[in-house]
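Enquirer: File query05.txt follows (compact mmCIF, C-alpha atoms):
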```txt
# COMPACT_ATOMS: atom_id res chain seq x y z
CA MET L 70 -44.42 1.24 20.45
CA ALA L 71 -42.11 0.45 17.61
CA HIS L 72 -45.01 -1.65 16.34
CA GLU L 73 -47.10 1.36 15.42
CA THR L 74 -44.35 3.64 14.19
CA ALA L 75 -42.73 0.99 12.03
CA HIS L 76 -45.47 1.28 9.48
CA HIS L 77 -45.51 5.05 9.25
CA HIS L 78 -41.95 5.45 8.06
CA GLU L 79 -41.63 6.86 4.62
CA SER L 80 -38.79 5.86 2.37
CA ASN L 81 -35.85 8.23 2.64
CA THR L 82 -33.82 6.70 -0.15
CA LYS L 83 -33.71 9.90 -2.17
CA ARG L 84 -32.27 11.87 0.73
CA ILE L 85 -29.75 9.08 1.43
CA TRP L 86 -28.37 9.29 -2.10
CA ILE L 87 -28.22 13.07 -1.95
CA VAL L 88 -26.22 12.89 1.27
CA PHE L 89 -23.95 10.30 -0.32
CA ALA L 90 -23.34 12.71 -3.21
CA ILE L 91 -22.53 15.53 -0.78
CA LEU L 92 -20.11 13.35 1.18
CA SER L 93 -18.42 12.18 -2.02
CA VAL L 94 -18.00 15.70 -3.35
CA LEU L 95 -16.55 16.90 -0.04
CA THR L 96 -14.08 14.00 -0.02
CA ILE L 97 -13.05 14.64 -3.62
CA VAL L 98 -12.51 18.33 -2.84
CA GLU L 99 -10.35 17.36 0.14
CA VAL L 100 -8.28 14.93 -1.88
CA VAL L 101 -7.78 17.39 -4.76
CA PHE L 102 -6.69 20.10 -2.34
CA GLY L 103 -4.44 17.60 -0.58
CA ILE L 104 -2.70 16.67 -3.83
CA ILE L 105 -2.43 20.13 -5.39
CA LYS L 106 -1.76 22.04 -2.17
CA PRO L 107 -2.32 25.54 -3.59
CA GLY L 108 0.57 27.76 -2.53
CA PHE L 109 -1.38 30.69 -1.19
CA LEU L 110 -3.54 28.42 0.99
CA VAL L 111 -0.49 26.71 2.45
CA HIS L 112 1.35 29.94 3.20
CA THR L 113 -1.54 32.00 4.53
CA ASP L 114 -1.91 31.48 8.24
CA LEU L 115 -5.02 32.02 10.28
CA PHE L 116 -4.70 31.57 14.04
CA SER L 117 -1.28 29.91 13.60
CA MET L 118 -2.59 27.24 11.22
CA SER L 119 -2.53 27.33 7.43
CA LEU L 120 -5.72 28.18 5.57
CA LEU L 121 -5.54 24.80 3.83
CA ASN L 122 -5.71 22.95 7.13
CA TRP L 123 -8.66 25.07 8.22
CA ILE L 124 -10.44 24.12 5.00
CA PHE L 125 -9.75 20.43 5.65
CA ILE L 126 -11.06 20.67 9.19
CA ILE L 127 -14.19 22.61 8.25
CA LEU L 128 -15.01 20.18 5.42
CA THR L 129 -14.49 17.30 7.86
CA LEU L 130 -16.93 18.83 10.32
CA PHE L 131 -19.42 19.21 7.47
CA LYS L 132 -19.06 15.52 6.65
CA ALA L 133 -19.43 14.63 10.32
CA TYR L 134 -22.62 16.72 10.45
CA TYR L 135 -24.15 14.90 7.48
CA ILE L 136 -23.19 11.47 8.76
CA ALA L 137 -24.58 12.17 12.22
CA TRP L 138 -27.72 14.00 11.10
CA ALA L 139 -28.75 11.98 8.06
CA PHE L 140 -27.23 8.51 8.52
CA MET L 141 -27.36 8.26 12.30
CA HIS L 142 -30.71 10.00 12.10
CA LEU L 143 -30.02 12.60 14.76
CA GLU L 144 -32.30 14.97 12.85
CA GLY L 145 -35.21 12.73 13.75
CA GLU L 146 -34.44 12.44 17.44
CA VAL L 147 -35.88 14.75 20.08
CA LYS L 148 -33.97 17.91 20.89
CA GLY L 149 -32.89 16.70 24.35
CA LEU L 150 -31.19 13.57 23.07
CA ARG L 151 -29.54 15.43 20.21
CA ARG L 152 -28.13 18.10 22.50
CA ALA L 153 -26.98 15.57 25.09
CA ILE L 154 -24.96 13.81 22.39
CA VAL L 155 -23.59 16.79 20.47
CA TRP L 156 -22.77 19.24 23.26
CA THR L 157 -21.13 16.58 25.43
CA GLY L 158 -18.73 15.87 22.62
CA VAL L 159 -18.21 19.48 21.59
CA PHE L 160 -17.32 20.73 25.06
CA LEU L 161 -15.19 17.81 26.24
CA ILE L 162 -13.30 17.37 22.98
CA GLY L 163 -12.84 21.12 22.54
CA TYR L 164 -11.36 21.39 26.02
CA LEU L 165 -9.08 18.39 25.54
CA LEU L 166 -7.79 19.72 22.23
CA PHE L 167 -7.17 23.18 23.65
CA ILE L 168 -5.15 21.85 26.58
CA LEU L 169 -3.11 19.28 24.66
CA LEU L 170 -2.31 21.41 21.64
CA THR L 171 -1.28 24.38 23.78
CA GLU L 172 0.94 22.09 25.82
CA GLY L 173 2.45 20.51 22.71
CA ASP L 174 3.29 23.93 21.31
CA TYR L 175 4.85 24.92 24.64
CA ILE L 176 7.11 21.86 24.65
CA TYR L 177 8.14 22.63 21.08
CA GLU L 178 9.19 26.12 22.18
CA VAL L 179 11.15 24.69 25.11
CA PHE L 180 13.04 22.30 22.84
CA LYS L 181 13.69 25.05 20.37
CA THR L 182 14.73 27.98 22.54
CA ASN L 183 15.90 26.61 25.87
CA HIS L 184 19.14 24.83 26.68
CA VAL L 185 17.70 21.40 26.14
CA ALA L 186 19.55 19.53 23.44
CA TRP L 187 17.39 16.92 21.77
CA ASP L 188 19.30 16.65 18.52
CA PHE L 189 22.82 15.80 19.63
CA MET A 47 -45.21 -14.11 23.20
CA ASP A 48 -43.95 -10.89 21.74
CA ALA A 49 -40.27 -10.17 21.31
CA THR A 50 -38.24 -8.33 23.87
CA VAL A 51 -37.50 -5.19 21.92
CA VAL A 52 -41.10 -4.19 21.62
CA ARG A 53 -42.53 -5.00 25.03
CA THR A 54 -40.49 -4.97 28.20
CA GLY A 55 -43.39 -5.29 30.59
CA THR A 56 -42.57 -1.93 32.09
CA GLU A 57 -44.77 0.28 29.91
CA GLY A 58 -45.92 3.31 31.82
CA LYS A 59 -43.85 2.46 34.90
CA SER A 60 -41.53 5.43 35.34
CA TRP A 61 -39.10 3.77 37.74
CA GLY A 62 -38.89 0.63 35.69
CA GLY A 63 -37.72 2.51 32.64
CA GLY A 64 -41.16 2.23 31.09
CA ASN A 65 -41.46 5.81 29.92
CA GLU A 66 -39.21 7.25 27.27
CA PRO A 67 -38.55 10.93 27.84
CA LEU A 68 -36.14 11.01 24.90
CA LYS A 69 -38.47 9.00 22.66
CA ALA A 70 -35.75 6.43 22.02
CA SER A 71 -35.90 2.82 23.08
CA TYR A 72 -33.62 1.45 25.76
CA GLY A 73 -31.37 -0.33 23.26
CA LYS A 74 -30.92 2.72 21.10
CA MET A 75 -30.17 4.89 24.12
CA MET A 76 -27.48 2.48 25.26
CA MET A 77 -25.96 2.43 21.80
CA TRP A 78 -25.77 6.22 21.94
CA PHE A 79 -24.18 6.05 25.42
CA PHE A 80 -21.55 3.75 24.00
CA ILE A 81 -20.99 5.87 20.90
CA VAL A 82 -20.51 9.08 22.89
CA SER A 83 -17.99 7.46 25.21
CA ASP A 84 -16.20 5.76 22.33
CA ALA A 85 -16.07 9.10 20.51
CA LEU A 86 -14.30 10.53 23.55
CA THR A 87 -11.80 7.67 23.49
CA PHE A 88 -10.99 8.32 19.86
CA SER A 89 -10.71 12.05 20.45
CA GLY A 90 -8.26 11.25 23.23
CA PHE A 91 -6.08 9.39 20.74
CA LEU A 92 -6.35 12.03 18.06
CA ALA A 93 -5.69 14.83 20.55
CA ALA A 94 -2.60 12.95 21.77
CA TYR A 95 -1.51 12.67 18.15
CA GLY A 96 -2.02 16.42 17.80
CA PHE A 97 0.04 16.97 20.93
CA SER A 98 2.99 15.01 19.55
CA ARG A 99 2.64 16.66 16.21
CA PHE A 100 2.73 20.15 17.73
CA LYS A 101 5.72 19.06 19.79
CA PHE A 102 7.58 18.08 16.58
CA ILE A 103 5.85 20.66 14.40
CA ASP A 104 8.96 21.42 12.33
CA SER A 105 10.08 17.84 11.76
CA TRP A 106 6.93 15.71 11.41
CA PRO A 107 6.81 13.34 8.40
CA ILE A 108 4.84 14.48 5.35
CA ALA A 109 1.95 12.05 4.96
CA ASP A 110 1.97 12.32 1.15
CA GLU A 111 5.48 10.89 1.10
CA VAL A 112 4.72 8.05 3.47
CA PHE A 113 1.39 6.83 2.10
CA ASN A 114 1.95 6.93 -1.65
CA HIS A 115 1.31 3.36 -2.72
CA PHE A 116 -1.45 2.09 -4.95
CA PRO A 117 -2.13 -1.56 -5.84
CA PHE A 118 -0.54 -2.67 -9.14
CA LEU A 119 1.21 0.68 -9.54
CA HIS A 120 4.52 -0.25 -8.06
CA GLY A 121 7.02 2.58 -7.88
CA VAL A 122 4.47 5.16 -8.98
CA ASP A 123 4.10 8.08 -6.62
CA ALA A 124 0.37 8.08 -5.84
CA PRO A 125 -0.13 10.19 -2.73
CA MET A 126 -3.45 9.70 -0.97
CA TYR A 127 -5.30 8.00 -3.81
CA TYR A 128 -5.51 4.75 -1.93
CA VAL A 129 -6.72 6.26 1.33
CA ALA A 130 -9.24 8.28 -0.65
CA LEU A 131 -10.48 5.04 -2.18
CA MET A 132 -10.71 3.44 1.27
CA THR A 133 -12.69 6.44 2.48
CA PHE A 134 -15.12 6.01 -0.40
CA ILE A 135 -15.53 2.32 0.31
CA LEU A 136 -16.36 3.04 3.93
CA ILE A 137 -18.74 5.89 3.11
CA PHE A 138 -20.47 3.69 0.56
CA SER A 139 -20.86 0.86 3.05
CA SER A 140 -22.42 3.42 5.36
CA VAL A 141 -24.87 4.28 2.60
CA THR A 142 -25.86 0.64 2.07
CA MET A 143 -26.25 0.30 5.84
CA VAL A 144 -28.63 3.24 6.04
CA LEU A 145 -30.52 1.80 3.05
CA ALA A 146 -30.86 -1.46 4.98
CA VAL A 147 -32.24 0.46 7.96
CA ASP A 148 -34.64 2.25 5.64
CA ALA A 149 -35.80 -1.03 4.12
CA GLY A 150 -36.23 -2.38 7.65
CA HIS A 151 -38.61 0.43 8.49
CA GLN A 152 -40.78 -0.73 5.62
CA MET A 153 -40.44 -4.37 6.67
CA LYS A 154 -38.91 -5.39 3.36
CA LYS A 155 -36.87 -8.40 4.39
CA GLY A 156 -35.30 -9.06 1.01
CA LYS A 157 -33.97 -5.55 0.66
CA VAL A 158 -32.57 -5.56 4.20
CA ILE A 159 -30.69 -8.78 3.41
CA PHE A 160 -29.30 -7.39 0.17
CA TYR A 161 -28.10 -4.09 1.63
CA MET A 162 -26.65 -5.67 4.77
CA PHE A 163 -24.74 -8.08 2.57
CA LEU A 164 -23.25 -5.17 0.62
CA THR A 165 -22.34 -3.45 3.89
CA ILE A 166 -20.47 -6.51 5.11
CA ILE A 167 -18.60 -6.79 1.83
CA GLY A 168 -17.65 -3.11 2.02
CA GLY A 169 -16.36 -3.58 5.55
CA LEU A 170 -14.27 -6.56 4.52
CA ILE A 171 -12.75 -4.68 1.58
CA PHE A 172 -11.87 -1.82 3.89
CA LEU A 173 -10.19 -4.19 6.35
CA GLY A 174 -8.18 -5.77 3.56
CA SER A 175 -7.10 -2.34 2.34
CA GLN A 176 -5.98 -1.41 5.80
CA ALA A 177 -3.95 -4.59 6.09
CA TRP A 178 -2.24 -3.75 2.80
CA GLU A 179 -1.56 -0.23 4.02
CA TRP A 180 0.02 -1.61 7.18
CA LYS A 181 2.14 -4.03 5.18
CA ASN A 182 3.55 -1.19 3.08
CA PHE A 183 4.18 0.90 6.15
CA ILE A 184 5.95 -1.90 8.01
CA THR A 185 8.07 -2.99 5.06
CA GLY A 186 9.10 0.54 4.15
CA THR A 187 10.37 1.73 0.79
CA TYR A 188 13.70 3.52 0.92
CA GLY A 189 15.13 2.89 4.34
CA ALA A 190 17.00 5.43 6.44
CA VAL A 191 19.88 5.94 8.83
CA SER A 192 19.32 6.69 12.51
CA THR A 193 21.45 9.17 14.42
CA LYS A 194 22.77 9.27 17.97
CA GLY A 195 20.05 11.73 18.88
CA GLY A 196 17.34 9.35 17.69
CA ASN A 197 16.65 11.21 14.47
CA ILE A 198 16.41 9.96 10.92
CA LEU A 199 18.58 10.77 7.92
CA GLN A 200 17.28 9.91 4.47
CA PHE A 201 19.07 9.91 1.12
CA VAL A 202 18.21 11.89 -2.01
CA ASP A 203 19.91 12.43 -5.36
CA ASN A 204 20.82 15.81 -6.86
CA GLU A 205 17.26 16.42 -8.03
CA GLY A 206 15.77 15.69 -4.63
CA HIS A 207 14.38 12.25 -5.50
CA ARG A 208 14.62 9.68 -2.74
CA VAL A 209 17.35 7.07 -3.01
CA ALA A 210 16.98 3.63 -1.46
CA LEU A 211 19.58 2.15 0.87
CA ALA A 212 20.33 -0.55 -1.69
CA ASP A 213 21.52 2.12 -4.13
CA VAL A 214 23.70 3.81 -1.53
CA ALA A 215 25.37 0.90 0.16
CA GLN A 216 28.69 -0.52 -0.91
CA VAL A 217 28.58 -4.16 -0.01
CA MET A 218 31.67 -5.12 1.97
CA PRO A 219 32.87 -8.62 2.70
CA THR A 220 32.53 -8.37 6.46
CA GLU A 221 30.66 -11.01 8.32
CA ARG A 222 27.97 -9.81 10.64
CA VAL A 223 26.64 -12.30 13.12
CA PRO A 224 23.16 -11.89 14.58
CA HIS A 225 23.11 -12.21 18.34
CA THR A 226 21.16 -15.37 19.13
CA ARG A 227 19.85 -16.81 22.38
CA GLU A 228 22.56 -19.44 22.54
CA SER A 229 25.56 -17.15 22.21
CA GLY A 230 24.88 -14.82 25.13
CA VAL A 231 25.40 -15.11 28.85
CA TRP A 232 21.72 -14.55 29.33
CA PHE A 233 18.94 -15.82 27.08
CA GLU A 234 18.45 -12.72 25.03
CA GLU A 235 18.54 -12.32 21.32
CA GLY A 236 19.35 -9.24 19.30
CA ALA A 237 17.07 -7.64 16.76
CA ALA A 238 17.27 -9.00 13.22
CA LEU A 239 20.18 -7.41 11.35
CA PRO A 240 19.27 -4.86 8.68
CA THR A 241 20.28 -5.68 5.11
CA TYR A 242 23.24 -3.30 5.20
CA SER A 243 25.55 -2.24 7.99
CA ILE A 244 26.14 1.41 8.78
CA GLU A 245 29.74 1.05 7.59
CA GLU A 246 28.55 -0.10 4.19
CA ILE A 247 26.22 2.88 3.96
CA LYS A 248 28.97 5.31 4.98
CA ALA A 249 31.44 3.86 2.49
CA GLY A 250 28.90 3.85 -0.33
CA PHE A 251 27.88 7.41 0.47
CA ALA A 252 31.48 8.63 0.43
CA ALA A 253 32.05 6.94 -2.93
CA ASN A 254 28.94 8.31 -4.64
CA GLU A 255 29.19 12.06 -5.27
CA ASN A 256 25.57 12.43 -6.38
CA ILE A 257 23.87 11.49 -3.16
CA LEU A 258 22.87 13.94 -0.44
CA VAL A 259 21.44 13.63 3.04
CA ARG A 260 17.95 14.82 3.83
CA THR A 261 17.08 15.65 7.45
CA GLN A 262 13.69 15.71 9.12
CA THR A 263 13.62 19.47 9.57
CA LEU A 264 10.96 21.20 7.48
CA THR A 265 11.82 24.29 5.48
CA GLU A 266 9.65 27.39 5.12
CA GLU A 267 8.04 25.76 2.08
CA GLY A 268 7.06 22.75 4.14
CA GLU A 269 9.60 20.46 2.51
CA LYS A 270 12.37 18.48 4.12
CA THR A 271 15.81 20.10 4.39
CA ILE A 272 18.45 18.76 2.00
CA LEU A 273 22.03 19.24 3.15
CA SER A 274 24.93 20.18 0.89
CA ARG A 275 27.47 17.48 -0.01
CA ASP A 276 29.95 18.61 2.67
CA GLU A 277 27.31 18.97 5.35
CA SER A 278 25.94 15.57 4.37
CA LEU A 279 29.32 13.88 4.75
CA ALA A 280 29.96 15.56 8.10
CA LYS A 281 26.51 14.70 9.42
CA LEU A 282 26.69 11.08 8.31
CA ASN A 283 30.19 10.47 9.63
CA THR A 284 29.69 12.06 13.04
CA GLU A 285 26.10 11.19 13.89
CA ALA A 286 24.89 8.11 12.03
CA VAL A 287 24.75 5.01 14.20
CA GLY A 288 22.26 2.58 12.72
CA VAL A 289 20.29 1.43 9.70
CA ILE A 290 16.51 1.39 9.71
CA GLU A 291 14.31 -0.41 7.22
CA GLY A 292 10.55 -0.04 7.51
CA ALA A 293 8.74 0.68 10.72
CA ASN A 294 7.93 -0.87 14.06
CA LEU A 295 6.96 0.46 17.47
CA SER A 296 10.45 1.59 18.48
CA GLN A 297 11.83 3.03 15.25
CA ASN A 298 10.73 3.89 11.74
CA GLU A 299 12.31 5.17 8.57
CA TYR A 300 9.75 7.96 8.18
CA GLY A 301 10.57 10.15 11.17
CA PRO A 302 9.91 10.30 14.91
CA PRO A 303 9.04 6.86 16.35
CA LEU A 304 5.87 8.44 17.74
CA PHE A 305 4.59 8.78 14.18
CA ALA A 306 4.60 5.02 13.68
CA ASP A 307 3.24 4.40 17.18
CA PHE A 308 0.26 6.63 16.54
CA PHE A 309 -0.26 5.18 13.09
CA PHE A 310 -0.39 1.63 14.45
CA PHE A 311 -2.47 2.59 17.45
CA ILE A 312 -5.08 4.87 15.88
CA THR A 313 -5.64 3.04 12.60
CA GLY A 314 -5.35 -0.25 14.48
CA PHE A 315 -7.97 0.76 17.02
CA HIS A 316 -10.22 1.96 14.23
CA GLY A 317 -9.60 -1.22 12.25
CA PHE A 318 -10.55 -3.24 15.32
CA HIS A 319 -13.82 -1.32 15.42
CA VAL A 320 -14.41 -2.12 11.76
CA LEU A 321 -13.67 -5.78 12.44
CA SER A 322 -16.12 -5.97 15.34
CA GLY A 323 -18.62 -4.01 13.25
CA VAL A 324 -18.35 -6.59 10.48
CA LEU A 325 -18.79 -9.44 12.96
CA ILE A 326 -21.85 -7.84 14.56
CA ASN A 327 -23.25 -7.10 11.10
CA ILE A 328 -22.81 -10.76 10.16
CA ILE A 329 -24.72 -11.88 13.26
CA ILE A 330 -27.56 -9.47 12.54
CA PHE A 331 -27.47 -10.43 8.86
CA PHE A 332 -28.16 -14.08 9.70
CA ASN A 333 -30.85 -13.05 12.14
CA VAL A 334 -32.52 -11.15 9.32
CA VAL A 335 -32.14 -14.14 7.02
CA ILE A 336 -33.79 -16.57 9.43
CA GLY A 337 -36.58 -14.05 9.98
CA THR A 338 -36.02 -13.16 13.64
CA TYR A 339 -36.92 -9.51 13.16
CA GLU A 340 -39.78 -10.30 10.81
CA ARG A 341 -41.38 -12.30 13.62
CA ARG A 342 -40.49 -9.62 16.13
CA GLY A 343 -42.30 -7.11 13.97
CA SER A 344 -39.47 -4.60 14.11
CA TYR A 345 -36.07 -4.22 12.51
CA GLU A 346 -34.79 -1.99 15.28
CA MET A 347 -31.79 -4.25 15.78
CA VAL A 348 -30.62 -3.37 12.27
CA GLU A 349 -30.98 0.27 13.22
CA LYS A 350 -28.79 -0.22 16.29
CA VAL A 351 -25.91 -1.92 14.49
CA GLY A 352 -26.42 0.72 11.82
CA LEU A 353 -25.68 3.41 14.42
CA TYR A 354 -22.46 1.64 15.35
CA TRP A 355 -21.45 1.21 11.73
CA HIS A 356 -22.03 4.88 10.93
CA PHE A 357 -20.00 5.81 13.97
CA VAL A 358 -17.07 3.78 12.65
CA ASP A 359 -17.40 5.67 9.38
CA LEU A 360 -17.57 8.98 11.27
CA VAL A 361 -14.35 8.20 13.11
CA TRP A 362 -12.61 7.33 9.84
CA VAL A 363 -13.57 10.73 8.42
CA PHE A 364 -11.58 12.32 11.25
CA VAL A 365 -8.67 9.87 11.07
CA PHE A 366 -8.46 10.51 7.34
CA THR A 367 -8.28 14.27 7.87
CA PHE A 368 -5.82 14.33 10.73
CA PHE A 369 -3.54 11.51 9.66
CA TYR A 370 -3.45 11.92 5.91
CA LEU A 371 -4.54 15.44 4.99
CA VAL A 372 -3.56 18.02 7.59
```
Go ahead and render the structure in this file as structure tokens.

Expert:
Amino acid sequence: MAHETAHHHESNTKRIWIVFAILSVLTIVEVVFGIIKPGFLVHTDLFSMSLLNWIFIILTLFKAYYIAWAFMHLEGEVKGLRRAIVWTGVFLIGYLLFILLTEGDYIYEVFKTNHVAWDF
Amino acid sequence: MDATVVRTGTEGKSWGGGNEPLKASYGKMMMWFFIVSDALTFSGFLAAYGFSRFKFIDSWPIADEVFNHFPFLHGVDAPMYYVALMTFILIFSSVTMVLAVDAGHQMKKGKVIFYMFLTIIGGLIFLGSQAWEWKNFITGTYGAVSTKGGNILQFVDNEGHRVALADVAQVMPTERVPHTRESGVWFEEGAALPTYSIEEIKAGFAANENILVRTQTLTEEGEKTILSRDESLAKLNTEAVGVIEGANLSQNEYGPPLFADFFFFITGFHGFHVLSGVLINIIIFFNVVIGTYERRGSYEMVEKVGLYWHFVDLVWVFVFTFFYLV
């Protein structure tokens, strides 16, 4: 099967370079924000995390999207395969993060407010 | 005789795996299986890192202060530049990889060879950078004092600039003997002695009025707390028990030991993936050179290692964010 399709592929080099430019710009933005750390972004909280960290995470997810879609060619795969890969990760990782981060925060509160001395 | 990738002899046989409901070949499917499960492994590590970080949310090290080295700029505070460079190198090697895959689709052997070669070089540069990063982390810069409670005290001058142990310590003519295998009842040896003893640090600190102690606790502004001179003296004299230089798995001069553990484990596990990626790329590279895929009539193998290589890049994007930025 690959025999036939191999010859129909068009060159995607232009798109590859565009995606590279997007990834580079996103990384540069992240690094600049990371070095400057604008005060109002650091001190504004949204859902108990600073706005700056939300920006980092959202930009990271954007980069992940471009890498997976353009470089790993998920955009060219059938819907079933794409969903099997993406939703498996999204649900399992989302659940794991929710549980572990909640638990970590709880332990922090215990150390801080209860009669457990950990800095003696 | 056609090559294995193209014809498996099961075409049209549903139970033999001959049909492809997802329109992806067996090899590609299996690579995706592996990638999804490996992604879950990495998320496990990163989520565990997040757990520990939330547990020590008000005393975690500030990454900008830990990773601030740049080659040939010794002593210059260059937060993140080097990791940013490493990120670019890895992203660029991903680009050359996808260009190799693209050239493979058009059966251009020469181009595939060229781009795969660039990819391998990029991977090797990244590995070298990571080794350098580890070396800096393990050696440490300023050193610190450990307390009874397992915390870290660092030294700063009046303006808040870090002060190295060498500038604090007052060298005293005591003789410290490392505990060797021969001298004990049982065949155990002690850890290597740090450059200065805690007594030398305490004496030097008492003598130098301009040095203050900095604790791990973060202030409202997200900076480390600097104690007053009196508080510093009290803290050092009552709590300090040991001297720490650099980092290993049980203690580090940057903060909670968990920080170093996760650094070694997560970047190490990722680096191991890069290493195996480079090795697999080299194997495929030579296969391309000797014309294996040209004869097979398909460069799908390049596509499969390409998937793995992009995945390694994808993981680094997350490691970069959660270890160095957030």

Enquirer: Would you give me, as a Markdown table, each residue of chain A having an atom within 8 Å of an atom of chain L, along with its shortest atom pair and that distance in Å to one decimal, using only C-alpha atoms and sorting by chain and residue number?

Expert:
```
| residue | atom | partner | partner_atom | distance |
| --- | --- | --- | --- | --- |
| A:Val52 | CA | L:Ala71 | CA | 6.2 |
| A:Arg53 | CA | L:Met70 | CA | 8.0 |
| A:Leu68 | CA | L:Leu150 | CA | 5.9 |
| A:Lys69 | CA | L:Val147 | CA | 6.8 |
| A:Ala70 | CA | L:Glu146 | CA | 7.7 |
| A:Trp78 | CA | L:Ile154 | CA | 7.6 |
| A:Val82 | CA | L:Ile154 | CA | 6.5 |
| A:Ala85 | CA | L:Gly158 | CA | 7.6 |
| A:Leu86 | CA | L:Ile162 | CA | 6.9 |
| A:Ser89 | CA | L:Ile162 | CA | 6.4 |
| A:Gly90 | CA | L:Leu165 | CA | 7.5 |
| A:Ala93 | CA | L:Leu166 | CA | 5.6 |
| A:Ala94 | CA | L:Leu169 | CA | 7.0 |
| A:Gly96 | CA | L:Leu170 | CA | 6.3 |
| A:Phe97 | CA | L:Gly173 | CA | 4.6 |
| A:Ser98 | CA | L:Gly173 | CA | 6.4 |
| A:Arg99 | CA | L:Gly173 | CA | 7.6 |
| A:Phe100 | CA | L:Gly173 | CA | 5.0 |
| A:Lys101 | CA | L:Tyr177 | CA | 4.5 |
| A:Phe102 | CA | L:Tyr177 | CA | 6.4 |
| A:Ile103 | CA | L:Tyr177 | CA | 7.3 |
| A:Pro125 | CA | L:Ile104 | CA | 7.1 |
| A:Met126 | CA | L:Val100 | CA | 7.2 |
| A:Tyr127 | CA | L:Val100 | CA | 7.8 |
| A:Ala130 | CA | L:Val100 | CA | 6.8 |
| A:Phe134 | CA | L:Ser93 | CA | 7.2 |
| A:Ile137 | CA | L:Phe89 | CA | 7.6 |
| A:Phe138 | CA | L:Phe89 | CA | 7.5 |
| A:Ser140 | CA | L:Phe140 | CA | 7.7 |
| A:Val141 | CA | L:Phe89 | CA | 6.8 |
| A:Val144 | CA | L:Phe140 | CA | 6.0 |
| A:Leu145 | CA | L:Thr82 | CA | 6.7 |
| A:Asp148 | CA | L:Ser80 | CA | 6.4 |
| A:Ala149 | CA | L:Ser80 | CA | 7.7 |
| A:His151 | CA | L:Ala75 | CA | 5.5 |
| A:Gln152 | CA | L:His76 | CA | 6.4 |
| A:Met153 | CA | L:Ala75 | CA | 7.9 |
| A:Lys194 | CA | L:Phe189 | CA | 6.7 |
| A:Gly195 | CA | L:Phe189 | CA | 5.0 |
| A:Gly196 | CA | L:Asp188 | CA | 7.6 |
| A:Asn197 | CA | L:Asp188 | CA | 7.3 |
| A:Glu267 | CA | L:His112 | CA | 8.0 |
| A:Gly343 | CA | L:His72 | CA | 6.5 |
| A:Ser344 | CA | L:His72 | CA | 6.7 |
| A:Gly352 | CA | L:Met141 | CA | 7.6 |
| A:Leu353 | CA | L:Met141 | CA | 5.6 |
| A:His356 | CA | L:Met141 | CA | 6.5 |
| A:Phe357 | CA | L:Met141 | CA | 7.9 |
| A:Leu360 | CA | L:Ala133 | CA | 6.0 |
| A:Val363 | CA | L:Thr129 | CA | 6.7 |
| A:Phe364 | CA | L:Thr129 | CA | 6.7 |
| A:Thr367 | CA | L:Phe125 | CA | 6.7 |
| A:Leu371 | CA | L:Gly103 | CA | 6.0 |
| A:Val372 | CA | L:Asn122 | CA | 5.4 |
```

Enquirer: Applying 7 Å and all atoms listed in the file, which residues near stretch 309-313 of chain A remain after dropping the ones on its own chain fewer than 4 positions away? List them as a PDB file with C-alpha atoms, in the coordinates of the input.

Expert:
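Writing the result to out-v9.pdb gives the following:
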```pdb
ATOM      1  CA  PHE A  91      -6.080   9.390  20.740  1.00  0.00           C
ATOM      2  CA  PHE A 305       4.590   8.780  14.180  1.00  0.00           C
ATOM      3  CA  GLY A 317      -9.600  -1.220  12.250  1.00  0.00           C
TER       4      GLY A 317
END
```

Enquirer: State, in Å with one decimal place, the distance from atom CA of A:Thr226 to atom CA of A:Ile184.

Expert: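 If I compute the distance from atom CA of A:Thr226 to atom CA of A:Ile184, I get 23.2 Å.
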
Enquirer: Give me, please, the distance in Å between atom CA of A:Thr185 and atom CA of L:Ile105, quoted to one decimal.

Expert: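 We find that atom CA of A:Thr185 and atom CA of L:Ile105 lie 27.5 Å from each other.
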
Enquirer: Calculate how many Å separate atom CA of L:Gly145 from atom CA of A:Met77, rounding to one decimal.

Expert: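 One can read the atom CA of L:Gly145 to atom CA of A:Met77 distance as 16.0 Å.
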
Enquirer: From the list A:Ile198, A:Gly168, A:Phe113, A:Phe308, which residue is nearest A:Leu295 when using all atoms listed in the file?

Expert: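 The answer is A:Phe308, which sits nearest to A:Leu295.
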
Enquirer: Env of A:Gly323: 9 Å cut, atoms = all atoms listed in the file, seq-sep filter 2 positions within chain, self excluded. Answer as a PyMOL selection string.

Expert: chain A and resi 166+169+318-321+325-328+351+354-355+358

Enquirer: Which residue, A:Tyr95, A:Phe118, A:Phe201, A:Phe79, has the smallest gap to A:Asp213 when you use all atoms listed in the file?

Expert: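 Closest candidate: A:Phe201.
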
Enquirer: Excluding A:Ile329 and any residue of its chain fewer than 5 positions from it, enumerate the residues within 12 Å of it, using all atoms listed in the file, and give them as a ChimeraX atom specification.

Expert: /A:159,162-163,166,322-324,334-336,338,347-348,351

Enquirer: Take stretch 130-141 of chain L from the preceding structure and save C-alpha atoms as a compact mmCIF listing (two decimals), in the first residue's frame.

Expert:
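selection31.txt, freshly written:
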```txt
# COMPACT_ATOMS: atom_id res chain seq x y z
CA LEU L 130 0.27 23.38 24.93
CA PHE L 131 0.33 25.40 21.70
CA LYS L 132 3.84 24.15 20.97
CA ALA L 133 2.79 20.60 21.78
CA TYR L 134 -0.15 20.97 19.37
CA TYR L 135 2.11 22.10 16.52
CA ILE L 136 4.68 19.39 17.14
CA ALA L 137 2.05 16.66 17.29
CA TRP L 138 -0.08 17.93 14.41
CA ALA L 139 2.55 19.11 11.95
CA PHE L 140 5.73 17.17 12.78
CA MET L 141 4.19 13.92 13.99
```
